file final-v9.cif (mmCIF, C-alpha atoms)
data_protein
#
loop_
_atom_site.label_atom_id
_atom_site.label_comp_id
_atom_site.auth_asym_id
_atom_site.auth_seq_id
_atom_site.Cartn_x
_atom_site.Cartn_y
_atom_site.Cartn_z
CA MET A 1483 152.01 138.57 128.65
CA LYS A 1484 149.22 137.70 126.20
CA LYS A 1485 145.62 138.29 127.28
CA ILE A 1486 142.25 136.75 126.40
CA PHE A 1487 138.84 137.99 127.48
CA VAL A 1488 136.31 135.12 127.49
CA LEU A 1489 132.77 136.33 126.88
CA THR A 1490 129.77 134.04 127.50
CA GLY A 1491 126.08 134.69 128.07
CA GLU A 1492 124.67 131.51 129.61
CA PRO A 1493 125.77 128.24 131.30
CA SER A 1494 126.04 126.22 128.07
CA GLY A 1495 128.46 128.79 126.62
CA ASP A 1496 130.39 128.87 129.89
CA LYS A 1497 130.80 125.10 129.62
CA LEU A 1498 131.95 125.22 125.98
CA ALA A 1499 134.40 128.03 126.70
CA SER A 1500 135.92 126.32 129.75
CA THR A 1501 136.52 123.07 127.83
CA ALA A 1502 138.44 124.88 125.08
CA ILE A 1503 140.35 127.22 127.40
CA SER A 1504 141.38 124.35 129.70
CA LYS A 1505 143.08 122.73 126.66
CA LEU A 1506 144.84 126.01 125.87
CA GLN A 1507 146.00 126.37 129.49
CA LYS A 1508 147.82 123.02 129.34
CA ASP A 1509 150.05 124.07 126.44
CA TYR A 1510 150.26 127.82 126.87
CA THR A 1511 150.65 128.91 130.49
CA ASP A 1512 151.69 132.52 129.93
CA ILE A 1513 148.20 133.95 129.28
CA LYS A 1514 146.14 136.26 131.47
CA TYR A 1515 142.36 135.80 131.41
CA LEU A 1516 139.25 137.72 132.43
CA SER A 1517 135.66 136.81 131.61
CA VAL A 1518 131.96 137.11 131.77
CA GLY A 1519 131.47 133.51 132.81
CA GLY A 1520 130.02 131.03 135.26
CA SER A 1521 130.99 128.08 137.42
CA ASN A 1522 132.91 126.18 134.71
CA LEU A 1523 135.29 129.06 133.97
CA ARG A 1524 135.67 129.70 137.71
CA LYS A 1525 136.78 126.08 138.18
CA ILE A 1526 139.72 126.66 135.84
CA GLY A 1527 140.69 129.86 137.64
CA ILE A 1528 139.11 132.53 135.42
CA GLU A 1529 137.45 135.42 137.23
CA SER A 1530 134.17 136.89 135.98
CA ILE A 1531 133.41 140.62 136.10
CA PHE A 1532 129.83 139.84 137.23
CA ASP A 1533 127.53 136.89 137.85
CA LEU A 1534 126.38 135.18 134.66
CA LYS A 1535 122.83 134.90 136.08
CA GLU A 1536 122.43 138.65 135.67
CA ILE A 1537 122.26 138.39 131.87
CA THR A 1538 120.63 134.98 131.35
CA TYR A 1539 117.13 135.62 130.02
CA LEU A 1540 114.75 133.51 127.97
CA GLY A 1541 112.46 134.79 125.24
CA PHE A 1542 111.69 138.16 123.75
CA THR A 1543 109.38 139.40 126.50
CA SER A 1544 111.94 138.63 129.22
CA VAL A 1545 114.57 140.53 127.25
CA LEU A 1546 112.24 143.48 126.71
CA LEU A 1547 111.37 143.63 130.40
CA ASN A 1548 115.07 143.64 131.27
CA ILE A 1549 116.33 145.72 128.34
CA PHE A 1550 117.76 148.57 130.44
CA LYS A 1551 119.54 146.12 132.73
CA ILE A 1552 120.95 144.22 129.74
CA ASN A 1553 122.14 147.42 128.03
CA LYS A 1554 123.80 148.50 131.24
CA ARG A 1555 125.65 145.15 131.41
CA ILE A 1556 126.65 145.37 127.74
CA ASN A 1557 128.16 148.83 128.28
CA GLN A 1558 129.87 147.70 131.50
CA THR A 1559 131.31 144.65 129.71
CA VAL A 1560 132.61 146.77 126.81
CA GLU A 1561 134.24 149.14 129.27
CA GLU A 1562 135.93 146.28 131.19
CA ILE A 1563 137.17 144.63 127.98
CA LEU A 1564 138.69 147.87 126.73
CA LYS A 1565 140.30 148.42 130.12
CA PHE A 1566 141.70 144.85 130.11
CA ASN A 1567 142.89 145.39 126.51
CA PRO A 1568 143.09 141.72 125.49
CA ASP A 1569 144.84 140.35 122.42
CA ILE A 1570 141.72 138.28 121.77
CA LEU A 1571 138.07 138.74 122.62
CA PHE A 1572 136.81 135.14 122.61
CA SER A 1573 133.01 135.23 122.55
CA VAL A 1574 130.93 132.06 122.89
CA ASP A 1575 127.31 131.57 121.80
CA SER A 1576 124.51 133.88 123.16
CA PRO A 1577 124.78 136.15 120.09
CA ASP A 1578 122.23 138.73 121.25
CA PHE A 1579 124.59 139.57 124.11
CA THR A 1580 128.09 138.54 123.05
CA LEU A 1581 127.97 139.86 119.48
CA ARG A 1582 126.55 143.19 120.59
CA VAL A 1583 129.50 143.51 122.96
CA ALA A 1584 131.99 142.40 120.28
CA GLU A 1585 130.61 144.93 117.79
CA LYS A 1586 131.04 147.83 120.22
CA VAL A 1587 134.54 146.70 121.24
CA LYS A 1588 135.72 146.31 117.64
CA LYS A 1589 134.41 149.76 116.71
CA ILE A 1590 136.40 151.39 119.53
CA ASN A 1591 139.53 149.21 119.33
CA PRO A 1592 139.94 147.41 115.97
CA GLN A 1593 143.30 145.95 117.14
CA ILE A 1594 141.54 143.43 119.42
CA LYS A 1595 141.06 140.16 117.51
CA THR A 1596 137.48 138.91 117.73
CA ILE A 1597 136.89 135.15 117.58
CA HIS A 1598 133.36 133.84 118.01
CA TYR A 1599 132.59 130.19 118.87
CA VAL A 1600 129.12 128.80 117.93
CA ALA A 1601 127.73 130.64 114.93
CA PRO A 1602 124.33 132.31 115.24
CA GLN A 1603 121.75 129.96 113.76
CA VAL A 1604 121.29 131.99 110.60
CA TRP A 1605 119.88 128.91 108.88
CA ILE A 1606 116.89 129.14 111.25
CA TRP A 1607 116.26 132.89 111.30
CA ARG A 1608 117.70 136.38 110.73
CA LYS A 1609 120.01 135.47 107.80
CA GLY A 1610 120.82 139.17 107.38
CA ARG A 1611 123.05 138.95 110.46
CA VAL A 1612 125.82 137.34 108.39
CA LYS A 1613 126.58 140.58 106.50
CA LYS A 1614 126.65 142.50 109.78
CA ILE A 1615 128.92 139.98 111.53
CA LYS A 1616 131.51 140.41 108.79
CA LYS A 1617 132.19 143.96 109.99
CA PHE A 1618 133.36 143.05 113.50
CA ILE A 1619 134.17 139.30 113.78
CA ASP A 1620 137.61 138.20 112.54
CA HIS A 1621 137.04 134.44 112.77
CA ILE A 1622 133.90 132.40 113.42
CA LEU A 1623 134.04 128.79 114.66
CA LEU A 1624 131.27 126.50 113.47
CA LEU A 1625 129.68 123.53 115.23
CA PHE A 1626 128.16 122.13 112.04
CA ASP A 1627 129.74 121.66 108.62
CA PHE A 1628 126.56 122.68 106.76
CA GLU A 1629 126.88 126.19 108.27
CA LYS A 1630 130.01 126.96 106.22
CA LYS A 1631 128.15 127.97 103.07
CA PHE A 1632 126.39 130.86 104.84
CA PHE A 1633 129.70 132.40 105.93
CA ASP A 1634 131.69 131.44 102.83
CA GLU A 1635 129.18 133.40 100.71
CA GLU A 1636 130.19 136.56 102.60
CA ASN A 1637 133.91 135.69 102.69
CA ILE A 1638 133.91 135.55 106.48
CA ASN A 1639 136.90 133.67 107.90
CA ASN A 1640 135.39 130.49 109.39
CA THR A 1641 136.41 127.02 110.58
CA PHE A 1642 134.26 123.96 111.16
CA VAL A 1643 135.43 122.65 114.56
CA GLY A 1644 132.61 120.20 115.30
CA HIS A 1645 130.39 119.91 118.35
CA PRO A 1646 132.01 118.88 121.66
CA LEU A 1647 128.81 117.16 122.78
CA ILE A 1648 129.29 114.49 120.13
CA GLU A 1649 132.94 113.77 120.82
CA ASN A 1650 133.60 110.24 122.05
CA ASN A 1651 135.75 111.26 125.00
CA LYS A 1652 136.75 108.63 127.54
CA ASN A 1653 136.25 110.06 131.00
CA ASN A 1654 137.20 108.74 134.37
CA LYS A 1655 134.62 106.29 135.62
CA THR A 1656 132.39 107.81 138.28
CA ASP A 1657 130.68 105.81 141.00
CA ILE A 1658 126.91 106.05 140.50
CA ASN A 1659 125.89 103.11 142.70
CA ASN A 1660 123.77 105.47 144.81
CA PHE A 1661 121.53 106.00 141.79
CA ILE A 1662 121.32 102.38 140.64
CA SER A 1663 119.32 99.59 142.18
CA ASN A 1664 118.54 96.14 140.86
CA ASN A 1665 114.86 96.81 140.35
CA LYS A 1666 114.87 100.44 139.16
CA LYS A 1667 115.79 101.80 135.76
CA ILE A 1668 117.05 105.34 135.16
CA ILE A 1669 115.21 107.97 133.12
CA SER A 1670 117.34 111.09 132.62
CA ILE A 1671 115.62 114.47 132.55
CA PHE A 1672 117.17 117.64 131.09
CA PRO A 1673 115.01 120.61 132.17
CA GLY A 1674 117.20 123.39 130.72
CA SER A 1675 120.09 125.50 131.95
CA ARG A 1676 118.22 128.74 132.57
CA LYS A 1677 116.05 129.38 135.62
CA SER A 1678 113.36 130.81 133.34
CA GLU A 1679 113.25 127.49 131.45
CA THR A 1680 113.18 125.26 134.51
CA ASN A 1681 110.47 127.39 136.15
CA VAL A 1682 108.19 126.61 133.19
CA LEU A 1683 109.08 122.93 132.79
CA LEU A 1684 109.48 121.71 136.38
CA PRO A 1685 105.74 121.64 137.29
CA ILE A 1686 105.00 119.75 134.06
CA LEU A 1687 107.82 117.26 134.66
CA ILE A 1688 106.81 116.60 138.27
CA ASP A 1689 103.24 115.86 137.14
CA PHE A 1690 104.67 113.49 134.52
CA ILE A 1691 106.75 111.69 137.16
CA ASN A 1692 103.69 111.35 139.40
CA MET A 1693 101.80 109.73 136.51
CA MET A 1694 104.68 107.33 135.87
CA ASN A 1695 104.88 106.41 139.55
CA LYS A 1696 101.15 105.63 139.71
CA ARG A 1697 101.56 103.18 136.87
CA ASN A 1698 104.97 101.76 137.75
CA SER A 1699 107.33 102.89 140.53
CA ASN A 1700 110.34 101.00 139.16
CA TYR A 1701 112.08 104.06 137.76
CA ASN A 1702 114.59 106.56 139.11
CA PHE A 1703 114.29 110.03 137.58
CA ILE A 1704 117.57 111.93 137.50
CA PHE A 1705 117.50 115.67 136.75
CA HIS A 1706 120.66 116.88 134.97
CA ALA A 1707 121.29 120.42 136.22
CA THR A 1708 123.94 123.10 135.85
CA GLU A 1709 125.68 124.37 138.96
CA GLU A 1710 123.70 127.59 138.50
CA ASN A 1711 120.22 126.01 138.46
CA LYS A 1712 120.73 122.95 140.70
CA ASN A 1713 119.51 124.66 143.90
CA ASN A 1714 116.45 125.99 142.11
CA ILE A 1715 115.46 122.44 141.09
CA VAL A 1716 116.26 120.94 144.50
CA GLU A 1717 114.15 123.60 146.23
CA TYR A 1718 111.22 122.94 143.92
CA ILE A 1719 111.12 119.15 144.34
CA LYS A 1720 112.04 118.84 148.03
CA ASP A 1721 108.45 118.99 149.34
CA LYS A 1722 106.81 116.98 146.53
CA GLY A 1723 106.97 113.69 148.44
CA LEU A 1724 108.87 111.87 145.69
CA ASN A 1725 111.64 109.51 146.76
CA ASN A 1726 112.75 108.39 143.29
CA ILE A 1727 114.15 111.76 142.11
CA ASP A 1728 117.74 112.97 142.27
CA VAL A 1729 119.42 116.15 140.98
CA ILE A 1730 123.03 116.06 139.75
CA SER A 1731 125.36 118.74 138.38
CA ASP A 1732 128.77 117.03 138.29
CA GLU A 1733 129.73 116.63 134.61
CA ASN A 1734 131.39 113.22 134.90
CA MET A 1735 128.47 111.91 136.92
CA LYS A 1736 125.98 113.26 134.37
CA LYS A 1737 127.77 111.41 131.55
CA GLU A 1738 127.85 108.19 133.56
CA ILE A 1739 124.17 108.49 134.52
CA LEU A 1740 123.17 109.20 130.93
CA SER A 1741 125.07 106.18 129.61
CA ASN A 1742 123.16 104.03 132.13
CA SER A 1743 119.74 105.52 131.29
CA ILE A 1744 117.02 103.70 129.36
CA PHE A 1745 115.38 106.95 128.20
CA ALA A 1746 115.73 110.74 128.30
CA VAL A 1747 113.29 113.65 128.34
CA CYS A 1748 115.13 116.70 127.00
CA LYS A 1749 114.41 120.38 126.82
CA SER A 1750 114.92 121.44 123.21
CA GLY A 1751 118.55 122.37 122.64
CA THR A 1752 121.97 120.96 121.80
CA ILE A 1753 121.89 118.62 124.82
CA SER A 1754 119.89 116.25 122.62
CA LEU A 1755 123.08 115.67 120.57
CA GLN A 1756 124.81 114.35 123.69
CA VAL A 1757 121.82 112.13 124.42
CA CYS A 1758 121.91 110.73 120.86
CA ASN A 1759 125.67 110.25 121.12
CA ALA A 1760 125.14 108.23 124.32
CA ASN A 1761 122.74 105.97 122.36
CA VAL A 1762 119.75 106.78 124.56
CA PRO A 1763 116.26 107.14 123.01
CA SER A 1764 114.50 110.40 123.84
CA ILE A 1765 111.75 112.94 123.30
CA ILE A 1766 112.06 116.73 123.07
CA ILE A 1767 109.95 119.16 125.11
CA TYR A 1768 109.68 122.96 125.12
CA LYS A 1769 107.26 125.67 126.09
CA LEU A 1770 107.24 129.46 125.68
CA ASN A 1771 104.61 131.96 126.67
CA PHE A 1772 102.11 132.80 123.92
CA ILE A 1773 103.68 136.12 122.84
CA ASN A 1774 107.19 134.68 122.57
CA PHE A 1775 105.87 131.68 120.65
CA MET A 1776 104.04 133.85 118.11
CA ILE A 1777 107.17 135.97 117.56
CA PHE A 1778 109.23 132.82 117.01
CA LYS A 1779 106.63 131.49 114.55
CA LEU A 1780 106.93 134.68 112.52
CA LEU A 1781 110.73 134.64 112.42
CA VAL A 1782 111.88 131.02 112.09
CA ASN A 1783 112.56 129.37 108.74
CA VAL A 1784 112.36 125.71 109.85
CA LYS A 1785 109.58 123.31 110.79
CA PHE A 1786 111.29 121.66 113.76
CA ALA A 1787 112.93 122.69 117.04
CA ASN A 1788 115.55 119.95 117.33
CA ILE A 1789 118.77 119.99 115.28
CA ILE A 1790 118.55 116.28 114.38
CA ASN A 1791 115.03 116.83 113.02
CA ILE A 1792 116.06 120.03 111.22
CA ILE A 1793 118.94 118.29 109.43
CA ASN A 1794 116.68 115.39 108.39
CA ASN A 1795 113.66 117.62 107.67
CA LYS A 1796 111.47 115.12 109.52
CA GLU A 1797 110.64 114.21 113.11
CA VAL A 1798 113.27 111.62 114.00
CA ILE A 1799 112.93 112.54 117.69
CA PRO A 1800 109.36 113.29 118.85
CA GLU A 1801 108.83 116.97 119.72
CA LEU A 1802 106.24 118.03 122.28
CA LEU A 1803 106.07 121.81 121.98
CA GLN A 1804 103.75 124.44 123.44
CA SER A 1805 100.26 122.98 124.12
CA GLU A 1806 101.60 119.46 123.58
CA CYS A 1807 104.23 120.08 126.25
CA ASN A 1808 102.09 118.82 129.11
CA ALA A 1809 102.39 115.99 131.61
CA LYS A 1810 99.83 113.73 129.91
CA GLU A 1811 101.44 113.99 126.45
CA ILE A 1812 104.93 113.40 127.89
CA TYR A 1813 103.64 110.40 129.86
CA ASN A 1814 101.92 108.90 126.79
CA SER A 1815 104.98 109.43 124.57
CA VAL A 1816 107.48 108.00 127.04
CA LEU A 1817 105.26 105.04 127.85
CA TYR A 1818 104.65 104.30 124.17
CA MET A 1819 108.37 104.29 123.38
CA LEU A 1820 109.24 102.18 126.43
CA LYS A 1821 106.60 99.62 125.45
CA ASN A 1822 107.84 99.60 121.83
CA PRO A 1823 111.65 99.45 122.03
CA GLU A 1824 111.95 98.93 118.26
CA ILE A 1825 110.83 102.57 117.81
CA GLY A 1826 113.68 103.77 120.03
CA LYS A 1827 116.09 101.51 118.18
CA LYS A 1828 115.05 102.98 114.83
CA GLN A 1829 115.37 106.51 116.24
CA LEU A 1830 118.93 105.81 117.40
CA GLU A 1831 119.92 104.32 114.03
CA GLN A 1832 118.79 107.52 112.28
CA CYS A 1833 120.44 109.72 114.92
CA ASN A 1834 123.76 107.90 114.64
CA GLN A 1835 123.68 108.24 110.87
CA THR A 1836 123.07 111.98 111.27
CA LEU A 1837 125.86 112.38 113.84
CA LYS A 1838 128.36 110.83 111.42
CA GLY A 1839 127.68 113.68 109.03
CA ILE A 1840 128.25 116.46 111.59
CA ARG A 1841 131.08 114.99 113.66
CA SER A 1842 134.50 116.59 113.38
CA ASN A 1843 137.52 114.37 112.64
CA SER A 1844 139.23 115.66 115.78
CA SER A 1845 138.29 117.16 119.13
CA SER A 1846 136.27 120.38 118.90
CA SER A 1847 137.90 121.84 122.01
CA ASN A 1848 141.39 121.00 120.68
CA GLU A 1849 140.53 122.68 117.37
CA VAL A 1850 139.32 125.81 119.18
CA ALA A 1851 142.40 125.88 121.45
CA THR A 1852 144.68 125.60 118.40
CA ILE A 1853 142.94 128.50 116.64
CA LEU A 1854 143.22 130.67 119.76
CA ARG A 1855 146.90 129.77 120.17
CA ASN A 1856 147.68 130.51 116.50
CA SER A 1857 145.83 133.81 116.73
CA LEU A 1858 147.95 134.83 119.72
CA VAL A 1859 151.15 133.96 117.91
CA GLY A 1860 150.13 135.29 114.49
#
call {"tool": "encode", "arguments": {"input": "final-v9.cif", "output": "structure tokens"}}
result
Amino acid sequence: MKKIFVLTGEPSGDKLASTAISKLQKDYTDIKYLSVGGSNLRKIGIESIFDLKEITYLGFTSVLLNIFKINKRINQTVEEILKFNPDILFSVDSPDFTLRVAEKVKKINPQIKTIHYVAPQVWIWRKGRVKKIKKFIDHILLLFDFEKKFFDEENINNTFVGHPLIENNKNNKTDINNFISNNKKIISIFPGSRKSETNVLLPILIDFINMMNKRNSNYNFIFHATEENKNNIVEYIKDKGLNNIDVISDENMKKEILSNSIFAVCKSGTISLQVCNANVPSIIIYKLNFINFMIFKLLVNVKFANIINIINNKEVIPELLQSECNAKEIYNSVLYMLKNPEIGKKQLEQCNQTLKGIRSNSSSSNEVATILRNSLVG
């Protein structure tokens, strides 16, 4: 029996991995799996060797404070992978965890094929990683076509598979009547997948919602959560006295809610691609503590936080970062765009043009499943 170890480091990677593996499971049933994963991999029957929450950290200072715990988990993961002895180590995103594990595994057992999905963003920072990756990754799967040149230069086997968040998949319709009323419009809020992110952004977002309600109470604010952080958000908002907030984690429901939203407030990250793909105008927010922010400023090679803005080298989607990431600025930005719909329309035209240039011709998850299947057979 063939074996695959699925290695993720945070909920977004868990989601990407589960989508690809679920496609592989349909066509290739005789595979045994083990993982470091979360709720999405559990739903398709793949056991995790420990809870994903134990390695999900945000920012340099958080990592430094937990460095001994992280190293312990890296060593434990390497040990479990070697014991499992898979044909393929399939690592997904979270390079500071997954690639460190893959490097150690490959050094001890070079026979294990290493396939990594979601290339480290070497075009933003730490370009020297490409040379290092070549030593222990057999095949790297790219979300964006423009990434190819960085890996081609080092003759690293790579494939552009596209980003699953910008696939036009038709999903089963989900009943969202509980969230829709005749006189209230939906604003979707994406506060991040990590607890450390939501802990920073939730107080700011609640203040923003209070400001919106004082001006106009005809909005429903829907928080899009992961299974892992849903309870954290629910606990935070339950005693705030707000009756126009809901928290959802079901993926089909989130897609349906987003497609029925008039606006979105998004934590900086790839989720903004899904928002653009749903044709919903948005703004980007993000906040780090001062030390983490200064370290990022020293290391990054780009002017913007959002991928759409990075590709265009201009602010297509407004970014409210650091000191600008406050309730008043969010309120002013959202209100301005709602009052001037032509601005949102222009934003979406530019976003759609950008998405055309980074969209794969086929399904990303199908591409990944095919590569995994061929690697098992080859």
call {"tool": "closest_residue", "arguments": {"input": "final-v9.cif", "among": "A:Ala1601, A:Met1693, A:Ile1753, A:Ile1648", "to": "Pro1673 (chain A)", "atoms": "all atoms listed in the file"}}
result
A:Ile1753
call {"tool": "residues_around", "arguments": {"input": "final-v9.cif", "residues": "Leu1740 (chain A)", "least_positions_apart": "6", "cutoff": "8 Å", "atoms": "all atoms listed in the file", "output": "number ranges by chain"}}
result
A: 1670, 1757, 1760, 1762
call {"tool": "resolve_selection", "arguments": {"input": "final-v9.cif", "expression": "the PyMOL selection byres ((chain A and resi 1719) around 12)", "output": "PyMOL selection string"}}
result
chain A and resi 1680-1681+1684-1689+1691-1692+1703-1705+1712-1718+1720-1729
call {"tool": "atom_distance", "arguments": {"input": "final-v9.cif", "atom1": "CA of Ile1799 (chain A)", "atom2": "CA of Tyr1813 (chain A)"}}
result
15.5 Å
call {"tool": "resolve_selection", "arguments": {"input": "final-v9.cif", "expression": "the PyMOL selection byres ((chain A and resi 1571-1574) around 7)", "output": "list of chain:residue names"}}
result
A:Ile1486, A:Phe1487, A:Val1488, A:Leu1489, A:Thr1490, A:Gly1495, A:Ala1499, A:Pro1568, A:Asp1569, A:Ile1570, A:Asp1575, A:Ser1576, A:Thr1580, A:Ile1594, A:Lys1595, A:Thr1596, A:Ile1597, A:His1598, A:Tyr1599, A:Val1600
call {"tool": "axis_aligned_box", "arguments": {"input": "final-v9.cif", "around": "region 1529-1536 of chain A", "padding_each_side": "4 Å", "output": "JSON"}}
result
{"center_x": 129.9, "center_y": 137.8, "center_z": 136.3, "size_x": 23.0, "size_y": 13.7, "size_z": 11.2}
call {"tool": "closest_residue", "arguments": {"input": "final-v9.cif", "among": "A:Gly1826, A:Pro1763, A:Pro1800, A:Gly1839", "to": "Ile1669 (chain A)", "atoms": "all atoms listed in the file"}}
result
A:Pro1763
call {"tool": "resolve_selection", "arguments": {"input": "final-v9.cif", "expression": "the PyMOL selection byres ((chain A and resi 1513) around 9)", "output": "PyMOL selection string"}}
result
chain A and resi 1483-1486+1507+1510-1512+1514-1515
call {"tool": "closest_residue", "arguments": {"input": "final-v9.cif", "among": "A:Ser1500, A:Leu1624, A:Phe1633, A:Asp1533", "to": "Arg1611 (chain A)", "atoms": "all atoms listed in the file"}}
result
A:Phe1633
call {"tool": "atom_distance", "arguments": {"input": "final-v9.cif", "atom1": "CA of Gln1558 (chain A)", "atom2": "CA of Leu1534 (chain A)"}}
result
13.4 Å
call {"tool": "residues_near_point", "arguments": {"input": "final-v9.cif", "point": "(123.2, 145.0, 128.6)", "cutoff": "12 Å", "atoms": "all atoms listed in the file", "output": "PyMOL selection string"}}
result
chain A and resi 1491+1534+1536-1539+1545-1546+1548-1561+1578-1583+1586
call {"tool": "closest_residue", "arguments": {"input": "final-v9.cif", "among": "A:Thr1852, A:Ser1857, A:Ser1521, A:Ser1815", "to": "Ala1502 (chain A)", "atoms": "all atoms listed in the file"}}
result
A:Thr1852
call {"tool": "residues_around", "arguments": {"input": "final-v9.cif", "residues": "Leu1683 (chain A)", "least_positions_apart": "4", "cutoff": "10 Å", "atoms": "only C-alpha atoms", "output": "list in words"}}
result
Phe1672, Pro1673, Gly1674, Lys1677, Ser1678, Glu1679, Leu1687, Ile1688, Lys1749, Ile1767, Tyr1768, Lys1769, Leu1770, Cys1807, Asn1808 and Ala1809 of chain A
call {"tool": "closest_residue", "arguments": {"input": "final-v9.cif", "among": "A:Thr1708, A:Ser1805, A:Asn1702, A:Gln1756", "to": "Asp1732 (chain A)", "atoms": "only C-alpha atoms"}}
result
A:Thr1708
call {"tool": "atom_distance", "arguments": {"input": "final-v9.cif", "atom1": "CA of Arg1697 (chain A)", "atom2": "CA of Val1798 (chain A)"}}
result
27.0 Å
